[in-house]
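Shown here: input_38.cif, mmCIF, C-alpha atoms.
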```
data_work
loop_
_atom_site.label_atom_id
_atom_site.label_comp_id
_atom_site.auth_asym_id
_atom_site.auth_seq_id
_atom_site.Cartn_x
_atom_site.Cartn_y
_atom_site.Cartn_z
CA MET A 1 -10.75 -27.13 4.41
CA ARG A 2 -12.06 -24.74 7.01
CA LEU A 3 -15.65 -23.62 7.41
CA ARG A 4 -16.31 -20.10 8.64
CA CYS A 5 -19.82 -19.29 9.86
CA SER A 6 -20.71 -15.63 10.29
CA HIS A 7 -23.84 -14.41 12.09
CA LEU A 8 -26.06 -17.25 10.92
CA ARG A 9 -29.78 -16.95 11.41
CA VAL A 10 -32.27 -19.66 10.43
CA SER A 11 -35.99 -19.65 11.17
CA PHE A 12 -38.94 -21.76 10.08
CA ASP A 13 -42.63 -21.04 9.61
CA THR A 14 -44.82 -23.07 11.95
CA ALA A 15 -48.52 -23.19 12.79
CA LYS A 16 -47.75 -20.96 15.78
CA GLY A 17 -45.70 -18.49 13.76
CA PRO A 18 -41.99 -18.12 12.93
CA LEU A 19 -39.61 -20.32 14.94
CA CYS A 20 -35.99 -19.13 15.17
CA ALA A 21 -33.65 -22.15 15.26
CA LEU A 22 -30.28 -20.34 15.03
CA ASP A 23 -29.45 -16.72 15.69
CA GLU A 24 -26.15 -14.82 15.47
CA LEU A 25 -24.23 -18.08 15.35
CA SER A 26 -20.57 -17.61 14.44
CA PHE A 27 -17.55 -19.91 14.59
CA GLU A 28 -14.69 -21.16 12.42
CA SER A 29 -13.45 -24.71 12.14
CA ARG A 30 -9.75 -25.48 11.72
CA ALA A 31 -8.06 -27.62 9.12
CA ARG A 32 -7.57 -31.27 10.19
CA GLU A 33 -9.56 -30.62 13.38
CA PHE A 34 -12.14 -32.83 15.07
CA LEU A 35 -14.65 -30.21 16.22
CA THR A 36 -17.74 -31.20 18.19
CA LEU A 37 -20.93 -29.22 18.80
CA VAL A 38 -22.93 -30.04 21.91
CA GLY A 39 -26.17 -28.51 23.05
CA PRO A 40 -29.60 -29.28 24.47
CA SER A 41 -32.24 -30.98 22.36
CA GLY A 42 -33.86 -28.60 19.92
CA CYS A 43 -31.01 -26.06 19.94
CA GLY A 44 -30.52 -26.27 16.17
CA LYS A 45 -27.56 -28.66 15.89
CA THR A 46 -29.03 -30.63 12.99
CA THR A 47 -30.21 -27.43 11.31
CA LEU A 48 -26.67 -26.09 11.53
CA LEU A 49 -25.21 -29.18 9.85
CA ARG A 50 -27.74 -28.86 7.04
CA VAL A 51 -26.60 -25.27 6.53
CA LEU A 52 -22.93 -26.32 6.56
CA ALA A 53 -23.67 -29.07 4.03
CA GLY A 54 -25.33 -26.55 1.71
CA ALA A 55 -28.74 -28.23 1.99
CA LEU A 56 -30.41 -25.29 3.77
CA PRO A 57 -29.73 -21.62 3.00
CA PRO A 58 -29.51 -19.34 6.04
CA GLU A 59 -31.96 -16.51 6.41
CA ARG A 60 -29.06 -14.25 7.30
CA GLY A 61 -25.29 -14.63 7.53
CA GLU A 62 -23.03 -16.87 5.49
CA VAL A 63 -20.91 -20.01 5.46
CA GLU A 64 -17.52 -19.64 3.80
CA ARG A 65 -15.56 -22.67 2.60
CA ILE A 66 -11.83 -22.00 2.84
CA PRO A 67 -9.84 -24.61 0.89
CA SER A 68 -6.58 -26.11 2.09
CA PRO A 69 -3.69 -27.24 -0.17
CA ALA A 70 -4.07 -30.72 1.31
CA ASP A 71 -7.67 -31.10 0.07
CA SER A 72 -8.10 -33.64 -2.71
CA ASN A 73 -11.57 -32.17 -3.45
CA GLN A 74 -14.00 -29.60 -2.10
CA ASP A 75 -16.66 -32.07 -0.94
CA VAL A 76 -18.55 -31.67 2.33
CA ARG A 77 -20.29 -34.94 3.30
CA LEU A 78 -22.93 -35.62 5.95
CA VAL A 79 -23.36 -38.82 7.99
CA CYS A 80 -26.73 -38.86 9.76
CA GLN A 81 -28.05 -40.79 12.75
CA GLU A 82 -30.03 -42.82 10.24
CA HIS A 83 -27.56 -44.92 8.30
CA SER A 84 -29.02 -44.05 4.84
CA LEU A 85 -27.57 -47.10 3.09
CA PHE A 86 -29.02 -48.07 -0.27
CA PRO A 87 -31.11 -51.20 0.43
CA TRP A 88 -30.55 -52.65 -3.05
CA MET A 89 -26.75 -52.51 -2.67
CA THR A 90 -24.48 -54.91 -0.82
CA MET A 91 -22.31 -53.78 2.05
CA LEU A 92 -19.33 -53.59 -0.33
CA GLU A 93 -21.24 -51.59 -2.94
CA ASN A 94 -22.55 -49.16 -0.32
CA ALA A 95 -19.07 -48.60 1.14
CA ALA A 96 -17.58 -48.04 -2.32
CA PHE A 97 -20.36 -45.71 -3.54
CA GLY A 98 -18.47 -42.46 -2.88
CA LEU A 99 -15.45 -43.77 -4.77
CA GLU A 100 -17.72 -44.65 -7.69
CA MET A 101 -19.03 -41.08 -7.72
CA HIS A 102 -15.42 -39.90 -7.97
CA GLY A 103 -14.98 -42.02 -11.08
CA LEU A 104 -12.77 -44.74 -9.63
CA GLY A 105 -12.83 -48.05 -11.51
CA ARG A 106 -14.71 -50.97 -10.03
CA ARG A 107 -11.68 -53.09 -9.20
CA GLU A 108 -9.85 -50.29 -7.41
CA ARG A 109 -12.84 -48.95 -5.49
CA GLU A 110 -13.92 -52.40 -4.34
CA ALA A 111 -10.36 -53.21 -3.24
CA GLN A 112 -10.26 -50.07 -1.08
CA ALA A 113 -13.73 -50.71 0.33
CA ARG A 114 -12.97 -54.37 1.02
CA GLU A 115 -9.81 -53.46 2.96
CA LEU A 116 -11.59 -50.90 5.14
CA LEU A 117 -14.49 -53.25 5.80
CA ARG A 118 -11.98 -55.95 6.79
CA ARG A 119 -10.42 -53.58 9.33
CA LEU A 120 -13.90 -52.87 10.70
CA GLY A 121 -14.52 -56.58 11.25
CA PHE A 122 -16.61 -57.38 8.16
CA ALA A 123 -14.30 -59.83 6.37
CA GLY A 124 -16.47 -62.43 4.63
CA ARG A 125 -19.66 -60.36 4.93
CA GLU A 126 -19.07 -57.87 2.13
CA GLN A 127 -21.97 -59.26 0.04
CA ALA A 128 -24.55 -58.86 2.83
CA TYR A 129 -27.44 -56.45 2.25
CA PRO A 130 -28.50 -53.74 4.74
CA HIS A 131 -31.57 -55.70 5.92
CA GLU A 132 -29.19 -58.46 7.07
CA LEU A 133 -27.18 -56.09 9.29
CA SER A 134 -27.68 -54.75 12.80
CA LEU A 135 -28.03 -50.99 13.31
CA GLY A 136 -24.45 -50.80 14.56
CA MET A 137 -23.16 -52.61 11.48
CA LYS A 138 -25.08 -50.25 9.22
CA GLN A 139 -23.54 -47.26 10.94
CA ARG A 140 -20.06 -48.73 10.50
CA VAL A 141 -20.69 -49.05 6.78
CA ALA A 142 -22.05 -45.48 6.58
CA VAL A 143 -18.94 -44.13 8.33
CA ALA A 144 -16.70 -46.25 6.09
CA ARG A 145 -18.44 -44.87 2.98
CA CYS A 146 -17.86 -41.32 4.16
CA PHE A 147 -14.15 -41.90 4.87
CA LEU A 148 -13.62 -43.69 1.56
CA SER A 149 -15.17 -40.81 -0.40
CA ASP A 150 -12.36 -38.66 1.07
CA PRO A 151 -14.30 -35.38 1.49
CA ALA A 152 -12.60 -32.17 2.56
CA VAL A 153 -15.00 -31.96 5.54
CA MET A 154 -17.07 -34.68 7.20
CA LEU A 155 -20.24 -33.63 9.02
CA MET A 156 -21.59 -36.17 11.49
CA ASP A 157 -25.04 -35.75 13.02
CA GLU A 158 -25.20 -37.96 16.14
CA PRO A 159 -24.22 -41.02 14.08
CA PHE A 160 -24.13 -43.26 17.17
CA GLY A 161 -27.08 -41.78 19.04
CA ALA A 162 -29.47 -44.69 18.48
CA LEU A 163 -27.01 -47.40 19.52
CA ASP A 164 -26.66 -49.30 22.78
CA TYR A 165 -23.75 -48.40 25.08
CA GLN A 166 -21.38 -51.23 24.11
CA THR A 167 -21.94 -50.78 20.38
CA ARG A 168 -21.50 -47.04 20.75
CA LEU A 169 -18.13 -47.53 22.49
CA ALA A 170 -16.97 -49.87 19.75
CA LEU A 171 -17.90 -47.41 17.00
CA GLN A 172 -16.28 -44.51 18.83
CA ASN A 173 -13.05 -46.50 18.86
CA ASP A 174 -13.48 -47.34 15.17
CA LEU A 175 -13.98 -43.66 14.37
CA LEU A 176 -10.91 -42.65 16.37
CA ASP A 177 -8.80 -45.25 14.58
CA LEU A 178 -9.99 -44.12 11.14
CA TRP A 179 -9.55 -40.43 11.91
CA GLU A 180 -6.01 -40.90 13.22
CA GLN A 181 -4.92 -42.10 9.77
CA ASN A 182 -5.60 -38.85 7.91
CA HIS A 183 -6.93 -36.26 10.39
CA LYS A 184 -9.70 -35.13 8.11
CA THR A 185 -11.68 -32.08 9.19
CA VAL A 186 -14.71 -33.38 11.10
CA ILE A 187 -17.63 -31.42 12.55
CA PHE A 188 -19.49 -33.78 14.86
CA VAL A 189 -22.81 -33.20 16.61
CA THR A 190 -23.80 -34.97 19.82
CA HIS A 191 -25.70 -34.37 23.04
CA ASP A 192 -23.32 -36.74 24.87
CA VAL A 193 -20.59 -34.76 26.66
CA GLU A 194 -18.48 -37.86 27.29
CA GLU A 195 -18.51 -38.73 23.61
CA ALA A 196 -17.55 -35.16 22.70
CA LEU A 197 -14.56 -35.17 25.06
CA LEU A 198 -13.36 -38.59 23.92
CA LEU A 199 -13.37 -37.69 20.23
CA SER A 200 -12.64 -33.99 19.94
CA ASP A 201 -9.86 -31.47 19.63
CA ARG A 202 -12.29 -28.68 20.45
CA ILE A 203 -15.87 -28.45 21.72
CA LEU A 204 -18.39 -25.67 21.12
CA VAL A 205 -21.37 -25.48 23.47
CA LEU A 206 -24.59 -24.18 21.97
CA SER A 207 -27.34 -22.39 23.86
CA ARG A 208 -30.97 -23.30 24.03
CA GLN A 209 -33.04 -22.32 21.00
CA PRO A 210 -32.28 -20.15 19.16
CA GLY A 211 -28.86 -21.76 19.11
CA HIS A 212 -25.63 -19.77 19.29
CA VAL A 213 -22.19 -20.50 20.71
CA VAL A 214 -21.94 -19.84 24.46
CA ALA A 215 -18.71 -21.63 25.37
CA GLU A 216 -15.60 -23.13 23.82
CA TYR A 217 -13.33 -25.82 25.22
CA ALA A 218 -9.97 -26.96 23.89
CA VAL A 219 -9.55 -30.69 24.60
CA ARG A 220 -5.89 -31.40 25.29
CA PHE A 221 -5.86 -35.13 26.00
CA ALA A 222 -3.03 -36.80 24.11
CA ARG A 223 -3.79 -38.81 21.00
CA PRO A 224 -4.28 -41.60 20.15
CA ARG A 225 -7.05 -41.97 22.72
CA ALA A 226 -8.82 -44.91 24.25
CA THR A 227 -12.07 -45.04 26.18
CA GLY A 228 -10.11 -45.55 29.41
CA ILE A 229 -9.50 -41.79 29.67
CA THR A 230 -13.17 -41.31 30.52
CA LEU A 231 -12.41 -42.60 34.02
CA THR A 232 -9.63 -40.10 34.78
CA GLU A 233 -10.11 -37.23 37.24
CA GLU A 234 -9.28 -34.58 34.62
CA PHE A 235 -11.82 -35.99 32.17
CA VAL A 236 -14.59 -36.07 34.78
CA SER A 237 -13.76 -32.50 35.86
CA ILE A 238 -14.05 -31.09 32.34
CA LYS A 239 -17.19 -33.12 31.74
CA ARG A 240 -18.80 -31.48 34.78
CA ARG A 241 -17.89 -27.99 33.53
CA ILE A 242 -19.41 -28.59 30.11
CA ALA A 243 -22.50 -30.18 31.65
CA GLY A 244 -22.81 -27.05 33.79
CA ASP A 245 -22.74 -24.86 30.70
CA LEU A 246 -25.43 -26.98 29.10
CA ALA A 247 -27.58 -26.78 32.19
CA THR A 248 -27.27 -23.05 32.79
CA GLY A 249 -26.48 -21.53 29.40
CA VAL A 250 -23.86 -19.35 31.11
CA LEU A 251 -20.74 -18.47 29.14
CA ALA A 252 -17.74 -20.53 30.32
CA ALA A 253 -14.11 -19.63 29.96
CA GLU A 254 -12.11 -21.46 27.33
CA LEU A 255 -10.22 -24.40 28.76
CA ALA A 256 -6.61 -23.39 29.28
#
```

Could you spell out this file's structure in structure tokens?
Amino acid sequence: MRLRCSHLRVSFDTAKGPLCALDELSFESRAREFLTLVGPSGCGKTTLLRVLAGALPPERGEVERIPSPADSNQDVRLVCQEHSLFPWMTMLENAAFGLEMHGLGRREREAQARELLRRLGFAGREQAYPHELSLGMKQRVAVARCFLSDPAVMLMDEPFGALDYQTRLALQNDLLDLWEQNHKTVIFVTHDVEEALLLSDRILVLSRQPGHVVAEYAVRFARPRATGITLTEEFVSIKRRIAGDLATGVLAAELA
């Protein structure tokens, strides 16, 4: 599935009057693409994901969902920075929840969830409850649940933002490994330029509030990727260019 955003505008009423979060924001995702949105704090990144998920109607403009023949369903799922696991469910039950919503039988959904949790390093801990897990573990389970539900588009709102550096690196690698298996369409939000370059096929830079697209970068590093590319001269050079766009808000040329 592709998502096409046309001239989106979103504003909110505040005690000081209307606050415009997004204005004239337009872009189109591509099928099987890992697209990342970066921008300064408060530029409307989370608001945009809520609009894409259908949870917030835009004041003006529209979001068009364009199905692909490869889609098994038309679902658009959101993974937030907060893990949002059900506290009364075990790790296994949480991971398998999306499959349950699709009507899969218990034995089959738990077998799929158990296998993915094993690959993520949770063998033997499937019956643990969320309060027994670290924040990084909870995020792994939330990402696993999203992948297992097999949506047409996955929206990820800074899912690793609250984690320490080492845990963040580990989960970035986990996400890359999972994504390489089916190349689902992902729209990922982060303020971390290095994370965006490591994960993405394409990066859109958003302006300060009200947010709109001011630059686009195609990321041409070969896949599969490992965190070692972050030390290369080419990676550092592109990172500086994107950081410059974020700092100045000046339109940058698309990466050739």

With a cut-off of 10 Å, could you pull out the residues of segment 29-121 of chain A touching segment 154-157 of chain A and give me the nearest pair of atoms for each, distance in Å to one decimal, using all atoms listed in the file, ordered by chain and ascending number, as a Markdown table?
```
| residue | atom | partner | partner_atom | distance |
| --- | --- | --- | --- | --- |
| A:Phe34 | CA | A:Met154 | CA | 9.5 |
| A:Leu35 | CA | A:Leu155 | CA | 9.7 |
| A:Thr36 | CA | A:Met156 | CA | 9.2 |
| A:Leu37 | CA | A:Asp157 | CA | 9.6 |
| A:Lys45 | CA | A:Asp157 | CA | 8.1 |
| A:Thr46 | CA | A:Asp157 | CA | 6.5 |
| A:Thr47 | CA | A:Asp157 | CA | 9.9 |
| A:Leu48 | CA | A:Asp157 | CA | 9.9 |
| A:Leu49 | CA | A:Leu155 | CA | 6.7 |
| A:Arg50 | CA | A:Leu155 | CA | 9.1 |
| A:Leu52 | CA | A:Leu155 | CA | 8.2 |
| A:Ala53 | CA | A:Leu155 | CA | 7.6 |
| A:Asp75 | CA | A:Met154 | CA | 8.6 |
| A:Val76 | CA | A:Met154 | CA | 5.9 |
| A:Arg77 | CA | A:Met154 | CA | 5.1 |
| A:Leu78 | CA | A:Leu155 | CA | 4.5 |
| A:Val79 | CA | A:Met156 | CA | 4.7 |
| A:Cys80 | CA | A:Asp157 | CA | 4.8 |
| A:Gln81 | CA | A:Asp157 | CA | 5.9 |
| A:Glu82 | CA | A:Asp157 | CA | 9.1 |
```

Checklist entry - Which distance in Å separates atom CA of Pro87 of chain A and atom CA of Ala152 of chain A, to one decimal? => result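 Computing it gives 26.6 Å between the two atoms.
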
Using all atoms listed in the file, find each residue in segment 155-195 of chain A having at least one atom no more than 12 Å away from segment 106-124 of chain A; report its shortest atom-to-atom pair and that distance in Å (one decimal), rows by chain then rising number, as CSV.
```
residue,atom,partner,partner_atom,distance
A:Ala170,CA,A:Leu120,CA,10.0
A:Leu171,CA,A:Leu120,CA,9.2
A:Gln172,CA,A:Leu120,CA,11.9
A:Asn173,CA,A:Leu120,CA,10.4
A:Asp174,CA,A:Leu120,CA,7.1
A:Leu175,CA,A:Leu120,CA,9.9
A:Asp177,CA,A:Leu120,CA,10.0
A:Leu178,CA,A:Leu116,CA,9.2
A:Gln181,CA,A:Leu116,CA,12.0
```

Item to check | Atom-to-atom span, atom CA of Arg223 of chain A and atom CA of Glu33 of chain A, Å | outcome: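 Here the two named atoms are 12.6 Å from each other.
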
Residue list as an mmCIF file with C-alpha atoms, in the coordinates of the input for point (-22.8, -16.3, 3.2), cut-off 10 Å, only C-alpha atoms:
```
data_model
loop_
_atom_site.group_PDB
_atom_site.id
_atom_site.type_symbol
_atom_site.label_atom_id
_atom_site.label_comp_id
_atom_site.auth_asym_id
_atom_site.auth_seq_id
_atom_site.Cartn_x
_atom_site.Cartn_y
_atom_site.Cartn_z
ATOM 1 C CA ARG A 4 -16.310 -20.100 8.640
ATOM 2 C CA CYS A 5 -19.820 -19.290 9.860
ATOM 3 C CA SER A 6 -20.710 -15.630 10.290
ATOM 4 C CA HIS A 7 -23.840 -14.410 12.090
ATOM 5 C CA LEU A 8 -26.060 -17.250 10.920
ATOM 6 C CA PRO A 57 -29.730 -21.620 3.000
ATOM 7 C CA PRO A 58 -29.510 -19.340 6.040
ATOM 8 C CA GLU A 59 -31.960 -16.510 6.410
ATOM 9 C CA ARG A 60 -29.060 -14.250 7.300
ATOM 10 C CA GLY A 61 -25.290 -14.630 7.530
ATOM 11 C CA GLU A 62 -23.030 -16.870 5.490
ATOM 12 C CA VAL A 63 -20.910 -20.010 5.460
ATOM 13 C CA GLU A 64 -17.520 -19.640 3.800
ATOM 14 C CA ARG A 65 -15.560 -22.670 2.600
#
```

Item to check | Evaluate the PyMOL selection byres ((chain A and resi 18-29) around 6) and report residues as a PyMOL selection string | outcome: chain A and resi 2-14+17+30+44+209-212

Keeping C-alpha atoms, export the residues of the selection given above as a short mmCIF file (atom, residue, chain, number, x, y, z; two decimals), in the frame of the given file.
```
data_model
loop_
_atom_site.label_atom_id
_atom_site.label_comp_id
_atom_site.auth_asym_id
_atom_site.auth_seq_id
_atom_site.Cartn_x
_atom_site.Cartn_y
_atom_site.Cartn_z
CA ARG A 2 -12.06 -24.74 7.01
CA LEU A 3 -15.65 -23.62 7.41
CA ARG A 4 -16.31 -20.10 8.64
CA CYS A 5 -19.82 -19.29 9.86
CA SER A 6 -20.71 -15.63 10.29
CA HIS A 7 -23.84 -14.41 12.09
CA LEU A 8 -26.06 -17.25 10.92
CA ARG A 9 -29.78 -16.95 11.41
CA VAL A 10 -32.27 -19.66 10.43
CA SER A 11 -35.99 -19.65 11.17
CA PHE A 12 -38.94 -21.76 10.08
CA ASP A 13 -42.63 -21.04 9.61
CA THR A 14 -44.82 -23.07 11.95
CA GLY A 17 -45.70 -18.49 13.76
CA ARG A 30 -9.75 -25.48 11.72
CA GLY A 44 -30.52 -26.27 16.17
CA GLN A 209 -33.04 -22.32 21.00
CA PRO A 210 -32.28 -20.15 19.16
CA GLY A 211 -28.86 -21.76 19.11
CA HIS A 212 -25.63 -19.77 19.29
#
```

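One distance worth recording is that between atom CA of Ile238 of chain A and atom CA of Leu199 of chain A, which is 13.8 Å.
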
Next on the checklist: From the options A:Arg241, A:Arg168, A:Arg145, A:Lys184, which residue's atoms come nearest to Ile203 of chain A, counting all atoms listed in the file?
Outcome noted: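 Closest to Ile203 of chain A, using all atoms listed in the file: A:Arg241.
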
Taking all atoms of segment 216-235 of chain A that appear in the file, build a box with edges along x, y and z, extend it by 4 Å on every side, and state its centre and edge lengths in Å to one decimal, as AutoDock Vina command-line options.
```
--center_x -9.3 --center_y -34.3 --center_z 28.7 --size_x 20.6 --size_y 30.4 --size_z 25.1
```

Selected by the PyMOL selection byres ((chain A and resi 205) around 9) in the shown coordinates: which residues, as a PDB file with C-alpha atoms, in the coordinates of the input?
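Writing the result to part_5.pdb gives the following:
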```pdb
ATOM      1  CA  THR A  36     -17.740 -31.200  18.190  1.00  0.00           C
ATOM      2  CA  LEU A  37     -20.930 -29.220  18.800  1.00  0.00           C
ATOM      3  CA  VAL A  38     -22.930 -30.040  21.910  1.00  0.00           C
ATOM      4  CA  GLY A  39     -26.170 -28.510  23.050  1.00  0.00           C
ATOM      5  CA  ILE A 203     -15.870 -28.450  21.720  1.00  0.00           C
ATOM      6  CA  LEU A 204     -18.390 -25.670  21.120  1.00  0.00           C
ATOM      7  CA  LEU A 206     -24.590 -24.180  21.970  1.00  0.00           C
ATOM      8  CA  SER A 207     -27.340 -22.390  23.860  1.00  0.00           C
ATOM      9  CA  HIS A 212     -25.630 -19.770  19.290  1.00  0.00           C
ATOM     10  CA  VAL A 213     -22.190 -20.500  20.710  1.00  0.00           C
ATOM     11  CA  VAL A 214     -21.940 -19.840  24.460  1.00  0.00           C
ATOM     12  CA  ALA A 215     -18.710 -21.630  25.370  1.00  0.00           C
ATOM     13  CA  GLU A 216     -15.600 -23.130  23.820  1.00  0.00           C
ATOM     14  CA  TYR A 217     -13.330 -25.820  25.220  1.00  0.00           C
ATOM     15  CA  ILE A 242     -19.410 -28.590  30.110  1.00  0.00           C
ATOM     16  CA  ASP A 245     -22.740 -24.860  30.700  1.00  0.00           C
ATOM     17  CA  LEU A 246     -25.430 -26.980  29.100  1.00  0.00           C
ATOM     18  CA  GLY A 249     -26.480 -21.530  29.400  1.00  0.00           C
TER      19      GLY A 249
END
```

Item to check | Residues matched by the PyMOL selection byres ((chain A and resi 89) around 12) as number ranges by chain | outcome: A: 84-88, 90-97, 126-132, 141

Checklist entry - Near Val193 of chain A, within 8 Å and counting all atoms listed in the file, which residues show up once chain neighbours fewer than 2 positions away are dropped, as a list in words? => result Val38, Thr190, His191, Glu195, Ala196, Leu197, Lys239, Ile242 and Ala243 of chain A

Item to check | Selected residue, from A:Ala226, A:Leu169, A:Val143, A:Val153, that lies nearest to Ile187 of chain A when counting all atoms listed in the file | outcome: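 Counting all atoms listed in the file, the residue closest to Ile187 of chain A is A:Val153.
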
Item to check | Pick from A:Phe147, A:Gly161, A:Gly244, A:Gly98, whichever lies nearest to Thr185 of chain A using all atoms listed in the file | outcome: A:Phe147
